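Engineer: Take a look at this one; I'll ask things after.
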Protein chains: 2
Amino acid sequence: MYHLPTTTLRYYEDLGLLYDIPRKGNRRAYTQQHLDRLGSICCFKNTGMTLSELQTLFSYSEHGGDLDKIVDLLDQHCQEVDEQLTLLKQNQQHIKRKLHFYQDIRTAEQTNTPLPDWDNYRSRTFH
Amino acid sequence: MYHLPTTTLRYYEDLGLLYDIPRKGNRRAYTQQHLDRLGSICCFKNTGMTLSELQTLFSYSEHGGDLDKIVDLLDQHCQEVDEQLTLLKQNQQHIKRKLHFYQDIRTAEQTNTPLPDWDNYRSRTFH
DNA sequence: TCTTTACTTCAAGTTAACTTGAAGTTGTAT
DNA sequence: ATACAACTTCAAGTTAACTTGAAGTAAAGA
């Protein structure tokens with residue numbers, strides 16, 4: 001359906017993250033609203049929110065809805081994702097340095113030139 | 001030490017990700033090489049590599065070292081991190097849309113103006 | 001019509017990555 | 001010197017997020 005196995009959808013349903021799903025016969029027929037919510041679940045989950053935190057977030061939207069809490073939580077999560085982006089970019093740099101380092105080792109072995117020293121890669125940036 | 005509990009360091013050691021750690025008395029005294037390796041472990045782990053994949057990667061560096069496999073693995077991981085970055089940015093947009101949406105709902109409630117419609121936020125970008 | 005494939009429920013099992021418990025030792029601050 | 005926090009080993013326990021098993025139902029294609 002959303003490249004998620006039905007068992008996972010069932011699991012989310014058991015947790016209360018999805019509900020009021022209409023049936024066609026005895027099978028679930030998800031509406032656009034459910035697909036939207038599923039999209040949100042995936043998004044928040046993939047940005048580090050636990051399913052339990054998602055329960056909390058969604059609970060704020062029910063019965064009236066505590067907008068202040070929703071906005072606060074979303075705002076804080078936004079910042080966390082900002083930090084994740086920063087970290088991920090740093091880690092990407094680290095991996096690229098490693099990659100170039102080992103490529104250069106291979107070249108050095110093939111050309112019988114001196115092996116590179118990792119210290120020379122520590123602060124280098126690659127693109 | 002690296003803001004990791006000693007139990008986690010022990011766990012990595014049990015998995016063979018860290019070894020030959022010198023002792024001062026009966027306590028571990030990590031060298032710069034170990035700290036470097038720990039940095040790599042954290043980097044790879046935080047970019048989605050499992051500890052078991054790390055075992056594999058490190059096994060290529062031992063006894064001689066299969067440079068082709070290392071380079072291949074690093075190259076592929078680089079691409080995966082690229083995709084992660086793309087996805088994370090998309091998710092960030094989604095979260096920012098949600099945030100603005102709920103902020104606008106709040107404003108609308110306060111000013112007694114009509115509530116916003118999520119459909120108008122679906123393809124909007126925020127910075 | 002028959003068969004296959006994907007669904008259905010419910011309970012129980014799995015996996016990765018730690019974490020905790022128990023029992024003992026040691027380097028450092030008072 | 002004496003306490004005490006932080007280390008030590010080893011085995012066992014925890015947690016989140018699924019996943020699998022068993023047993024049954026049902027829509028869609030040959």
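Chains: A, B, ... in order of the structure tokens. Residues: from 1 per chain. Ligands: from 1, in order shown.
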Please provide as a PDB file with N, CA and C atoms (P, O5', C5', C4', C3', O3' and C1' of nucleotides), in the first residue's frame all residues within 12 Å of segment 8-22 of chain C, with the sequence filter that same-chain residues fewer than 2 positions apart are discarded (counting only C-alpha atoms (C1' of nucleotides)).

Structural biologist:
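Okay, result.pdb is ready:
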ATOM      1  N   THR A   6       1.295  -5.136   5.601  1.00  0.00           N
ATOM      2  CA  THR A   6       0.024  -4.952   6.314  1.00  0.00           C
ATOM      3  C   THR A   6       0.205  -5.150   7.816  1.00  0.00           C
ATOM      4  N   THR A   7       1.159  -6.013   8.159  1.00  0.00           N
ATOM      5  CA  THR A   7       1.371  -6.260   9.594  1.00  0.00           C
ATOM      6  C   THR A   7       1.814  -4.981  10.306  1.00  0.00           C
ATOM      7  N   ARG A  10      -1.149  -2.840  10.767  1.00  0.00           N
ATOM      8  CA  ARG A  10      -1.920  -3.398  11.870  1.00  0.00           C
ATOM      9  C   ARG A  10      -1.309  -2.961  13.193  1.00  0.00           C
ATOM     10  N   ASP A  14      -2.952  -0.954  16.171  1.00  0.00           N
ATOM     11  CA  ASP A  14      -2.999  -1.424  17.558  1.00  0.00           C
ATOM     12  C   ASP A  14      -2.521  -0.326  18.516  1.00  0.00           C
ATOM     13  N   ARG A  23     -14.142  -0.260   5.941  1.00  0.00           N
ATOM     14  CA  ARG A  23     -13.896  -1.588   5.367  1.00  0.00           C
ATOM     15  C   ARG A  23     -14.649  -1.729   4.054  1.00  0.00           C
ATOM     16  N   GLY A  25     -15.973  -4.995   2.529  1.00  0.00           N
ATOM     17  CA  GLY A  25     -16.050  -6.383   2.974  1.00  0.00           C
ATOM     18  C   GLY A  25     -15.400  -6.421   4.344  1.00  0.00           C
ATOM     19  N   ASN A  26     -14.476  -7.309   4.549  1.00  0.00           N
ATOM     20  CA  ASN A  26     -13.793  -7.317   5.845  1.00  0.00           C
ATOM     21  C   ASN A  26     -12.387  -6.721   5.725  1.00  0.00           C
ATOM     22  N   ARG A  27     -12.107  -6.118   4.569  1.00  0.00           N
ATOM     23  CA  ARG A  27     -10.755  -5.577   4.361  1.00  0.00           C
ATOM     24  C   ARG A  27     -10.725  -4.066   4.514  1.00  0.00           C
ATOM     25  N   ARG A  28      -9.603  -3.580   4.963  1.00  0.00           N
ATOM     26  CA  ARG A  28      -9.466  -2.139   5.179  1.00  0.00           C
ATOM     27  C   ARG A  28      -9.337  -1.393   3.859  1.00  0.00           C
TER      28      ARG A  28
ATOM     29  N   LEU B   4      30.013   8.014  25.661  1.00  0.00           N
ATOM     30  CA  LEU B   4      29.409   6.670  25.605  1.00  0.00           C
ATOM     31  C   LEU B   4      29.668   5.984  26.937  1.00  0.00           C
ATOM     32  N   PRO B   5      28.664   5.310  27.501  1.00  0.00           N
ATOM     33  CA  PRO B   5      28.898   4.584  28.758  1.00  0.00           C
ATOM     34  C   PRO B   5      29.910   3.466  28.556  1.00  0.00           C
ATOM     35  N   THR B   6      30.633   3.132  29.601  1.00  0.00           N
ATOM     36  CA  THR B   6      31.646   2.085  29.498  1.00  0.00           C
ATOM     37  C   THR B   6      31.016   0.764  29.054  1.00  0.00           C
ATOM     38  N   THR B   7      29.766   0.541  29.429  1.00  0.00           N
ATOM     39  CA  THR B   7      29.115  -0.715  29.046  1.00  0.00           C
ATOM     40  C   THR B   7      29.003  -0.820  27.524  1.00  0.00           C
ATOM     41  N   THR B   8      28.809   0.303  26.885  1.00  0.00           N
ATOM     42  CA  THR B   8      28.710   0.293  25.423  1.00  0.00           C
ATOM     43  C   THR B   8      30.071   0.006  24.806  1.00  0.00           C
ATOM     44  N   LEU B   9      31.102   0.603  25.378  1.00  0.00           N
ATOM     45  CA  LEU B   9      32.462   0.329  24.907  1.00  0.00           C
ATOM     46  C   LEU B   9      32.761  -1.167  25.064  1.00  0.00           C
ATOM     47  N   ARG B  10      32.328  -1.717  26.190  1.00  0.00           N
ATOM     48  CA  ARG B  10      32.524  -3.142  26.452  1.00  0.00           C
ATOM     49  C   ARG B  10      31.800  -3.971  25.394  1.00  0.00           C
ATOM     50  N   TYR B  11      30.589  -3.528  25.107  1.00  0.00           N
ATOM     51  CA  TYR B  11      29.771  -4.221  24.109  1.00  0.00           C
ATOM     52  C   TYR B  11      30.466  -4.207  22.740  1.00  0.00           C
ATOM     53  N   TYR B  12      30.994  -3.066  22.344  1.00  0.00           N
ATOM     54  CA  TYR B  12      31.713  -2.982  21.077  1.00  0.00           C
ATOM     55  C   TYR B  12      32.946  -3.886  21.102  1.00  0.00           C
ATOM     56  N   LEU B  15      32.033  -7.397  20.524  1.00  0.00           N
ATOM     57  CA  LEU B  15      31.726  -7.641  19.112  1.00  0.00           C
ATOM     58  C   LEU B  15      32.984  -7.635  18.251  1.00  0.00           C
ATOM     59  N   LYS B  45      27.650   4.153  12.355  1.00  0.00           N
ATOM     60  CA  LYS B  45      26.432   3.741  13.039  1.00  0.00           C
ATOM     61  C   LYS B  45      25.346   4.803  12.865  1.00  0.00           C
ATOM     62  N   MET B  49      24.559   2.329   9.373  1.00  0.00           N
ATOM     63  CA  MET B  49      25.222   1.037   9.268  1.00  0.00           C
ATOM     64  C   MET B  49      24.981   0.256  10.561  1.00  0.00           C
ATOM     65  N   THR B  50      24.745  -1.043  10.443  1.00  0.00           N
ATOM     66  CA  THR B  50      24.594  -1.841  11.654  1.00  0.00           C
ATOM     67  C   THR B  50      25.977  -2.213  12.183  1.00  0.00           C
ATOM     68  N   LEU B  51      26.026  -2.643  13.429  1.00  0.00           N
ATOM     69  CA  LEU B  51      27.310  -3.044  14.014  1.00  0.00           C
ATOM     70  C   LEU B  51      27.848  -4.272  13.295  1.00  0.00           C
ATOM     71  N   SER B  52      26.944  -5.091  12.802  1.00  0.00           N
ATOM     72  CA  SER B  52      27.364  -6.275  12.058  1.00  0.00           C
ATOM     73  C   SER B  52      28.016  -5.883  10.723  1.00  0.00           C
TER      74      SER B  52
ATOM     75  P    DA C   6       0.209 -11.990  -3.168  1.00  0.00           P
ATOM     76  O5'  DA C   6      -0.901 -11.210  -2.331  1.00  0.00           O
ATOM     77  C5'  DA C   6      -1.998 -10.587  -2.997  1.00  0.00           C
ATOM     78  C4'  DA C   6      -3.034 -10.199  -1.957  1.00  0.00           C
ATOM     79  C3'  DA C   6      -2.405  -9.586  -0.693  1.00  0.00           C
ATOM     80  O3'  DA C   6      -3.126  -8.423  -0.307  1.00  0.00           O
ATOM     81  C1'  DA C   6      -3.789 -11.387  -0.112  1.00  0.00           C
ATOM     82  P    DG C  24      31.914 -10.934  46.205  1.00  0.00           P
ATOM     83  O5'  DG C  24      33.196 -10.246  45.540  1.00  0.00           O
ATOM     84  C5'  DG C  24      33.803 -10.848  44.402  1.00  0.00           C
ATOM     85  C4'  DG C  24      34.649  -9.810  43.683  1.00  0.00           C
ATOM     86  C3'  DG C  24      35.676  -9.100  44.587  1.00  0.00           C
ATOM     87  O3'  DG C  24      36.971  -9.240  44.027  1.00  0.00           O
ATOM     88  C1'  DG C  24      34.534  -7.566  43.234  1.00  0.00           C
TER      89       DG C  24
ATOM     90  P    DT D   9      36.935  -6.370  31.942  1.00  0.00           P
ATOM     91  O5'  DT D   9      36.232  -7.586  32.691  1.00  0.00           O
ATOM     92  C5'  DT D   9      37.016  -8.532  33.407  1.00  0.00           C
ATOM     93  C4'  DT D   9      36.113  -9.625  33.949  1.00  0.00           C
ATOM     94  C3'  DT D   9      35.310 -10.335  32.871  1.00  0.00           C
ATOM     95  O3'  DT D   9      35.488 -11.740  32.969  1.00  0.00           O
ATOM     96  C1'  DT D   9      33.856  -9.500  34.587  1.00  0.00           C
ATOM     97  P    DC D  10      35.220 -12.646  31.710  1.00  0.00           P
ATOM     98  O5'  DC D  10      33.705 -13.100  31.956  1.00  0.00           O
ATOM     99  C5'  DC D  10      33.356 -13.773  33.165  1.00  0.00           C
ATOM    100  C4'  DC D  10      31.848 -13.774  33.319  1.00  0.00           C
ATOM    101  C3'  DC D  10      31.089 -14.096  32.022  1.00  0.00           C
ATOM    102  O3'  DC D  10      30.486 -15.380  32.127  1.00  0.00           O
ATOM    103  C1'  DC D  10      30.105 -12.276  33.237  1.00  0.00           C
ATOM    104  P    DA D  11      29.520 -15.898  30.912  1.00  0.00           P
ATOM    105  O5'  DA D  11      28.089 -15.796  31.583  1.00  0.00           O
ATOM    106  C5'  DA D  11      27.981 -15.778  33.009  1.00  0.00           C
ATOM    107  C4'  DA D  11      26.588 -15.359  33.395  1.00  0.00           C
ATOM    108  C3'  DA D  11      25.482 -15.827  32.451  1.00  0.00           C
ATOM    109  O3'  DA D  11      24.343 -16.187  33.234  1.00  0.00           O
ATOM    110  C1'  DA D  11      25.457 -13.472  32.570  1.00  0.00           C
ATOM    111  P    DA D  12      22.989 -16.747  32.487  1.00  0.00           P
ATOM    112  O5'  DA D  12      21.941 -15.579  32.734  1.00  0.00           O
ATOM    113  C5'  DA D  12      21.884 -14.935  34.010  1.00  0.00           C
ATOM    114  C4'  DA D  12      21.028 -13.705  33.894  1.00  0.00           C
ATOM    115  C3'  DA D  12      19.734 -13.907  33.095  1.00  0.00           C
ATOM    116  O3'  DA D  12      18.683 -13.239  33.775  1.00  0.00           O
ATOM    117  C1'  DA D  12      20.956 -12.107  32.186  1.00  0.00           C
ATOM    118  P    DG D  13      17.153 -13.337  33.255  1.00  0.00           P
ATOM    119  O5'  DG D  13      16.840 -11.795  33.011  1.00  0.00           O
ATOM    120  C5'  DG D  13      17.281 -10.826  33.974  1.00  0.00           C
ATOM    121  C4'  DG D  13      16.993  -9.439  33.443  1.00  0.00           C
ATOM    122  C3'  DG D  13      15.638  -9.309  32.762  1.00  0.00           C
ATOM    123  O3'  DG D  13      15.040  -8.099  33.206  1.00  0.00           O
ATOM    124  C1'  DG D  13      17.358  -8.630  31.262  1.00  0.00           C
ATOM    125  P    DT D  14      13.568  -7.683  32.729  1.00  0.00           P
ATOM    126  O5'  DT D  14      13.896  -6.572  31.642  1.00  0.00           O
ATOM    127  C5'  DT D  14      14.710  -5.465  32.004  1.00  0.00           C
ATOM    128  C4'  DT D  14      14.820  -4.536  30.822  1.00  0.00           C
ATOM    129  C3'  DT D  14      13.492  -4.235  30.125  1.00  0.00           C
ATOM    130  O3'  DT D  14      13.274  -2.846  30.248  1.00  0.00           O
ATOM    131  C1'  DT D  14      15.214  -4.772  28.558  1.00  0.00           C
ATOM    132  P    DT D  15      11.821  -2.232  29.933  1.00  0.00           P
ATOM    133  O5'  DT D  15      11.960  -1.690  28.444  1.00  0.00           O
ATOM    134  C5'  DT D  15      13.053  -0.850  28.101  1.00  0.00           C
ATOM    135  C4'  DT D  15      13.036  -0.656  26.601  1.00  0.00           C
ATOM    136  C3'  DT D  15      11.628  -0.642  26.004  1.00  0.00           C
ATOM    137  O3'  DT D  15      11.439   0.629  25.385  1.00  0.00           O
ATOM    138  C1'  DT D  15      13.097  -2.056  24.769  1.00  0.00           C
ATOM    139  P    DA D  16       9.959   1.028  24.861  1.00  0.00           P
ATOM    140  O5'  DA D  16      10.259   1.391  23.338  1.00  0.00           O
ATOM    141  C5'  DA D  16      11.555   1.766  22.923  1.00  0.00           C
ATOM    142  C4'  DA D  16      11.713   1.452  21.455  1.00  0.00           C
ATOM    143  C3'  DA D  16      10.439   1.641  20.625  1.00  0.00           C
ATOM    144  O3'  DA D  16      10.810   2.299  19.431  1.00  0.00           O
ATOM    145  C1'  DA D  16      11.222  -0.593  20.402  1.00  0.00           C
ATOM    146  P    DA D  17       9.651   2.800  18.457  1.00  0.00           P
ATOM    147  O5'  DA D  17       9.605   1.608  17.391  1.00  0.00           O
ATOM    148  C5'  DA D  17      10.793   1.298  16.667  1.00  0.00           C
ATOM    149  C4'  DA D  17      10.565   0.045  15.875  1.00  0.00           C
ATOM    150  C3'  DA D  17       9.228   0.019  15.096  1.00  0.00           C
ATOM    151  O3'  DA D  17       9.454  -0.454  13.783  1.00  0.00           O
ATOM    152  C1'  DA D  17       9.471  -1.925  16.342  1.00  0.00           C
ATOM    153  P    DC D  18       8.465  -0.012  12.573  1.00  0.00           P
ATOM    154  O5'  DC D  18       7.220  -0.935  12.527  1.00  0.00           O
ATOM    155  C5'  DC D  18       7.007  -2.309  12.669  1.00  0.00           C
ATOM    156  C4'  DC D  18       8.188  -3.204  12.678  1.00  0.00           C
ATOM    157  C3'  DC D  18       8.025  -4.418  11.803  1.00  0.00           C
ATOM    158  O3'  DC D  18       9.207  -4.768  11.130  1.00  0.00           O
ATOM    159  C1'  DC D  18       8.271  -5.068  14.077  1.00  0.00           C
ATOM    160  P    DT D  19       9.049  -5.705   9.828  1.00  0.00           P
ATOM    161  O5'  DT D  19       8.834  -7.195  10.400  1.00  0.00           O
ATOM    162  C5'  DT D  19       9.840  -7.789  11.180  1.00  0.00           C
ATOM    163  C4'  DT D  19       9.455  -9.231  11.480  1.00  0.00           C
ATOM    164  C3'  DT D  19       8.752  -9.985  10.345  1.00  0.00           C
ATOM    165  O3'  DT D  19       9.463 -11.198  10.189  1.00  0.00           O
ATOM    166  C1'  DT D  19       7.486 -10.149  12.346  1.00  0.00           C
ATOM    167  P    DT D  20       9.074 -12.241   9.043  1.00  0.00           P
ATOM    168  O5'  DT D  20       8.548 -13.510   9.863  1.00  0.00           O
ATOM    169  C5'  DT D  20       8.975 -13.700  11.206  1.00  0.00           C
ATOM    170  C4'  DT D  20       8.136 -14.777  11.862  1.00  0.00           C
ATOM    171  C3'  DT D  20       7.459 -15.758  10.901  1.00  0.00           C
ATOM    172  O3'  DT D  20       7.725 -17.055  11.405  1.00  0.00           O
ATOM    173  C1'  DT D  20       5.851 -14.775  12.360  1.00  0.00           C
ATOM    174  P    DG D  21       7.207 -18.375  10.660  1.00  0.00           P
ATOM    175  O5'  DG D  21       5.959 -18.789  11.558  1.00  0.00           O
ATOM    176  C5'  DG D  21       6.104 -18.858  12.982  1.00  0.00           C
ATOM    177  C4'  DG D  21       4.832 -19.400  13.591  1.00  0.00           C
ATOM    178  C3'  DG D  21       4.069 -20.374  12.701  1.00  0.00           C
ATOM    179  O3'  DG D  21       3.513 -21.397  13.526  1.00  0.00           O
ATOM    180  C1'  DG D  21       2.682 -18.514  13.195  1.00  0.00           C
ATOM    181  P    DA D  22       2.947 -22.738  12.842  1.00  0.00           P
ATOM    182  O5'  DA D  22       1.410 -22.631  13.201  1.00  0.00           O
ATOM    183  C5'  DA D  22       1.018 -22.140  14.489  1.00  0.00           C
ATOM    184  C4'  DA D  22      -0.481 -21.934  14.507  1.00  0.00           C
ATOM    185  C3'  DA D  22      -1.239 -22.839  13.526  1.00  0.00           C
ATOM    186  O3'  DA D  22      -2.475 -23.201  14.112  1.00  0.00           O
ATOM    187  C1'  DA D  22      -1.702 -20.597  13.027  1.00  0.00           C
ATOM    188  P    DA D  23      -3.337 -24.445  13.489  1.00  0.00           P
ATOM    189  O5'  DA D  23      -4.820 -23.907  13.589  1.00  0.00           O
ATOM    190  C5'  DA D  23      -5.111 -22.625  14.191  1.00  0.00           C
ATOM    191  C4'  DA D  23      -6.184 -21.933  13.382  1.00  0.00           C
ATOM    192  C3'  DA D  23      -6.824 -22.804  12.291  1.00  0.00           C
ATOM    193  O3'  DA D  23      -8.221 -22.577  12.293  1.00  0.00           O
ATOM    194  C1'  DA D  23      -6.071 -20.786  11.373  1.00  0.00           C
ATOM    195  P    DG D  24      -9.209 -23.389  11.287  1.00  0.00           P
ATOM    196  O5'  DG D  24      -9.978 -22.173  10.592  1.00  0.00           O
ATOM    197  C5'  DG D  24     -10.414 -21.075  11.412  1.00  0.00           C
ATOM    198  C4'  DG D  24     -10.591 -19.853  10.561  1.00  0.00           C
ATOM    199  C3'  DG D  24     -11.491 -20.046   9.326  1.00  0.00           C
ATOM    200  O3'  DG D  24     -12.539 -19.086   9.357  1.00  0.00           O
ATOM    201  C1'  DG D  24      -9.543 -18.831   8.789  1.00  0.00           C
ATOM    202  P    DT D  25     -13.694 -19.190   8.227  1.00  0.00           P
ATOM    203  O5'  DT D  25     -13.400 -17.905   7.337  1.00  0.00           O
ATOM    204  C5'  DT D  25     -13.442 -16.593   7.932  1.00  0.00           C
ATOM    205  C4'  DT D  25     -13.225 -15.561   6.843  1.00  0.00           C
ATOM    206  C3'  DT D  25     -14.165 -15.681   5.637  1.00  0.00           C
ATOM    207  O3'  DT D  25     -14.473 -14.373   5.214  1.00  0.00           O
ATOM    208  C1'  DT D  25     -11.955 -15.769   4.908  1.00  0.00           C
ATOM    209  P    DA D  26     -15.791 -14.126   4.373  1.00  0.00           P
ATOM    210  O5'  DA D  26     -15.276 -13.045   3.308  1.00  0.00           O
ATOM    211  C5'  DA D  26     -13.960 -12.510   3.421  1.00  0.00           C
ATOM    212  C4'  DA D  26     -13.430 -12.177   2.045  1.00  0.00           C
ATOM    213  C3'  DA D  26     -14.429 -12.337   0.895  1.00  0.00           C
ATOM    214  O3'  DA D  26     -14.102 -11.364  -0.072  1.00  0.00           O
ATOM    215  C1'  DA D  26     -12.587 -13.688   0.492  1.00  0.00           C
TER     216       DA D  26
END

Engineer: Got a sec to tell me which of chain A DSSP assigns to helix (DSSP H, G or I), as JSON, numbers by chain?

Structural biologist: {"A": [6, 7, 8, 9, 10, 11, 12, 13, 14, 32, 33, 34, 35, 36, 37, 38, 39, 40, 41, 42, 43, 44, 45, 46, 51, 52, 53, 54, 55, 56, 57, 58, 59, 60, 61, 67, 68, 69, 70, 71, 72, 73, 74, 75, 76, 77, 78, 79, 80, 81, 82, 83, 84, 85, 86, 87, 88, 89, 90, 91, 92, 93, 94, 95, 96, 97, 98, 99, 100, 101, 102, 103, 104, 105, 106, 107, 108, 109, 110, 111, 118, 119, 120]}

Engineer: Only C-alpha atoms, please: the residues just picked out, written as an mmCIF file, in the first residue's frame.

Structural biologist:
data_model
loop_
_atom_site.group_PDB
_atom_site.id
_atom_site.type_symbol
_atom_site.label_atom_id
_atom_site.label_comp_id
_atom_site.auth_asym_id
_atom_site.auth_seq_id
_atom_site.Cartn_x
_atom_site.Cartn_y
_atom_site.Cartn_z
ATOM 1 C CA THR A 6 0.024 -4.952 6.314
ATOM 2 C CA THR A 7 1.371 -6.260 9.594
ATOM 3 C CA THR A 8 3.011 -2.909 10.201
ATOM 4 C CA LEU A 9 -0.225 -1.080 9.421
ATOM 5 C CA ARG A 10 -1.920 -3.398 11.870
ATOM 6 C CA TYR A 11 0.733 -2.635 14.444
ATOM 7 C CA TYR A 12 0.212 1.119 14.022
ATOM 8 C CA GLU A 13 -3.513 0.540 14.337
ATOM 9 C CA ASP A 14 -2.999 -1.424 17.558
ATOM 10 C CA GLN A 32 -6.820 9.897 1.752
ATOM 11 C CA GLN A 33 -6.847 11.113 5.356
ATOM 12 C CA HIS A 34 -5.397 7.802 6.485
ATOM 13 C CA LEU A 35 -2.764 7.912 3.779
ATOM 14 C CA ASP A 36 -1.889 11.468 4.825
ATOM 15 C CA ARG A 37 -1.571 10.375 8.413
ATOM 16 C CA LEU A 38 0.527 7.411 7.364
ATOM 17 C CA GLY A 39 2.763 9.793 5.456
ATOM 18 C CA SER A 40 3.150 11.872 8.591
ATOM 19 C CA ILE A 41 3.869 8.812 10.683
ATOM 20 C CA CYS A 42 6.657 7.780 8.299
ATOM 21 C CA CYS A 43 8.040 11.297 8.176
ATOM 22 C CA PHE A 44 8.166 11.736 11.937
ATOM 23 C CA LYS A 45 9.396 8.224 12.489
ATOM 24 C CA ASN A 46 12.170 8.645 9.930
ATOM 25 C CA LEU A 51 5.899 5.771 17.913
ATOM 26 C CA SER A 52 5.160 6.608 21.526
ATOM 27 C CA GLU A 53 5.996 10.273 20.871
ATOM 28 C CA LEU A 54 3.737 10.119 17.849
ATOM 29 C CA GLN A 55 0.944 8.861 20.094
ATOM 30 C CA THR A 56 1.524 11.914 22.269
ATOM 31 C CA LEU A 57 1.577 14.284 19.299
ATOM 32 C CA PHE A 58 -1.605 12.825 17.847
ATOM 33 C CA SER A 59 -3.312 12.898 21.242
ATOM 34 C CA TYR A 60 -2.928 16.680 21.181
ATOM 35 C CA SER A 61 -4.926 16.818 17.931
ATOM 36 C CA LEU A 67 -2.591 23.841 19.497
ATOM 37 C CA ASP A 68 0.084 25.291 21.748
ATOM 38 C CA LYS A 69 1.418 21.868 22.596
ATOM 39 C CA ILE A 70 1.306 20.781 18.960
ATOM 40 C CA VAL A 71 3.187 23.878 17.814
ATOM 41 C CA ASP A 72 5.733 23.529 20.613
ATOM 42 C CA LEU A 73 6.360 19.887 19.821
ATOM 43 C CA LEU A 74 6.630 20.508 16.082
ATOM 44 C CA ASP A 75 8.894 23.487 16.630
ATOM 45 C CA GLN A 76 11.199 21.461 18.830
ATOM 46 C CA HIS A 77 11.210 18.591 16.388
ATOM 47 C CA CYS A 78 12.111 21.031 13.610
ATOM 48 C CA GLN A 79 15.192 22.067 15.551
ATOM 49 C CA GLU A 80 16.137 18.463 16.173
ATOM 50 C CA VAL A 81 15.919 17.741 12.466
ATOM 51 C CA ASP A 82 18.112 20.786 11.812
ATOM 52 C CA GLU A 83 20.708 19.268 14.108
ATOM 53 C CA GLN A 84 20.339 15.906 12.422
ATOM 54 C CA LEU A 85 21.017 17.564 9.070
ATOM 55 C CA THR A 86 24.135 19.231 10.397
ATOM 56 C CA LEU A 87 25.380 15.980 11.894
ATOM 57 C CA LEU A 88 24.541 13.969 8.811
ATOM 58 C CA LYS A 89 26.530 16.376 6.648
ATOM 59 C CA GLN A 90 29.491 16.092 9.013
ATOM 60 C CA ASN A 91 29.274 12.324 8.939
ATOM 61 C CA GLN A 92 29.040 12.435 5.161
ATOM 62 C CA GLN A 93 32.301 14.386 5.126
ATOM 63 C CA HIS A 94 33.920 11.811 7.378
ATOM 64 C CA ILE A 95 32.849 8.979 5.099
ATOM 65 C CA LYS A 96 34.051 10.807 2.005
ATOM 66 C CA ARG A 97 37.412 11.371 3.652
ATOM 67 C CA LYS A 98 37.590 7.645 4.451
ATOM 68 C CA LEU A 99 36.647 6.786 0.880
ATOM 69 C CA HIS A 100 39.295 9.045 -0.617
ATOM 70 C CA PHE A 101 41.843 7.795 1.886
ATOM 71 C CA TYR A 102 41.352 4.154 0.889
ATOM 72 C CA GLN A 103 41.207 5.028 -2.802
ATOM 73 C CA ASP A 104 44.523 6.815 -2.397
ATOM 74 C CA ILE A 105 45.977 3.820 -0.558
ATOM 75 C CA ARG A 106 44.965 1.626 -3.495
ATOM 76 C CA THR A 107 46.544 4.010 -5.964
ATOM 77 C CA ALA A 108 49.715 4.204 -3.871
ATOM 78 C CA GLU A 109 49.946 0.414 -3.764
ATOM 79 C CA GLN A 110 49.505 0.190 -7.507
ATOM 80 C CA THR A 111 52.063 2.899 -8.280
ATOM 81 C CA TRP A 118 45.236 9.594 7.676
ATOM 82 C CA ASP A 119 46.333 12.724 9.556
ATOM 83 C CA ASN A 120 46.379 14.528 6.216
#

Engineer: Give me, please, the distance in Å between atom CA of Gly48 of chain A and atom CA of Ser123 of chain B, quoted to one decimal.

Structural biologist: 22.9 Å

Engineer: Could you tell me how far atom CA of Thr47 of chain A sits from atom CA of Asp66 of chain A, in Å to one decimal place?

Structural biologist: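 Distance between the two atoms: 22.5 Å.
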
Engineer: Go ahead and compute the interatomic distance for atom CA of His3 of chain A and atom CA of Phe126 of chain B, in Å to one decimal.

Structural biologist: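 Computing it gives 27.5 Å between the two atoms.
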
Engineer: Select all residues from chain D having any atom no more than 10 Å from an atom of chain B (counting only C-alpha atoms (C1' of nucleotides), ignoring ligands), output as a PyMOL selection string.

Structural biologist: chain D and resi 6-8

Engineer: Using only C-alpha atoms (C1' of nucleotides), determine which residues lie at most 12 Å from DT30 of chain C, disregarding the query and same-chain residues fewer than 6 positions distant; provide the list as a ChimeraX atom specification.

Structural biologist: /D:1-4

Engineer: Could you save those same residues with N, CA, C and O atoms (P, O5', C5', C4', C3', O3' and C1' of nucleotides) as a short mmCIF file (atom, residue, chain, number, x, y, z; two decimals), in the first residue's frame?

Structural biologist:
data_model
loop_
_atom_site.label_atom_id
_atom_site.label_comp_id
_atom_site.auth_asym_id
_atom_site.auth_seq_id
_atom_site.Cartn_x
_atom_site.Cartn_y
_atom_site.Cartn_z
P DA D 1 47.88 4.61 56.19
"O5'" DA D 1 46.83 5.55 57.02
"C5'" DA D 1 46.11 4.98 58.08
"C4'" DA D 1 44.68 5.39 57.95
"C3'" DA D 1 43.74 4.29 57.46
"O3'" DA D 1 42.47 4.56 58.07
"C1'" DA D 1 43.70 6.07 55.92
P DT D 2 41.43 3.42 58.36
"O5'" DT D 2 40.08 4.22 58.03
"C5'" DT D 2 40.16 5.63 57.78
"C4'" DT D 2 39.15 5.99 56.69
"C3'" DT D 2 38.26 4.85 56.19
"O3'" DT D 2 36.97 5.37 55.97
"C1'" DT D 2 39.34 5.81 54.39
P DA D 3 35.62 4.55 56.30
"O5'" DA D 3 34.60 5.09 55.19
"C5'" DA D 3 34.37 6.49 55.12
"C4'" DA D 3 34.51 6.97 53.69
"C3'" DA D 3 33.43 6.47 52.72
"O3'" DA D 3 32.79 7.63 52.24
"C1'" DA D 3 35.56 6.41 51.70
P DC D 4 31.23 7.63 51.85
"O5'" DC D 4 31.30 7.73 50.25
"C5'" DC D 4 32.26 8.63 49.64
"C4'" DC D 4 32.56 8.18 48.23
"C3'" DC D 4 31.45 7.31 47.61
"O3'" DC D 4 31.25 7.74 46.30
"C1'" DC D 4 33.54 6.33 47.30
#

Engineer: Could you check the closest approach to chain B for each of A:Tyr30, A:Gly64, A:Ile21, A:Asn112 and tell me which residue wins, using only C-alpha atoms?

Structural biologist: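 For chain B, the nearest of the given residues is A:Gly64.
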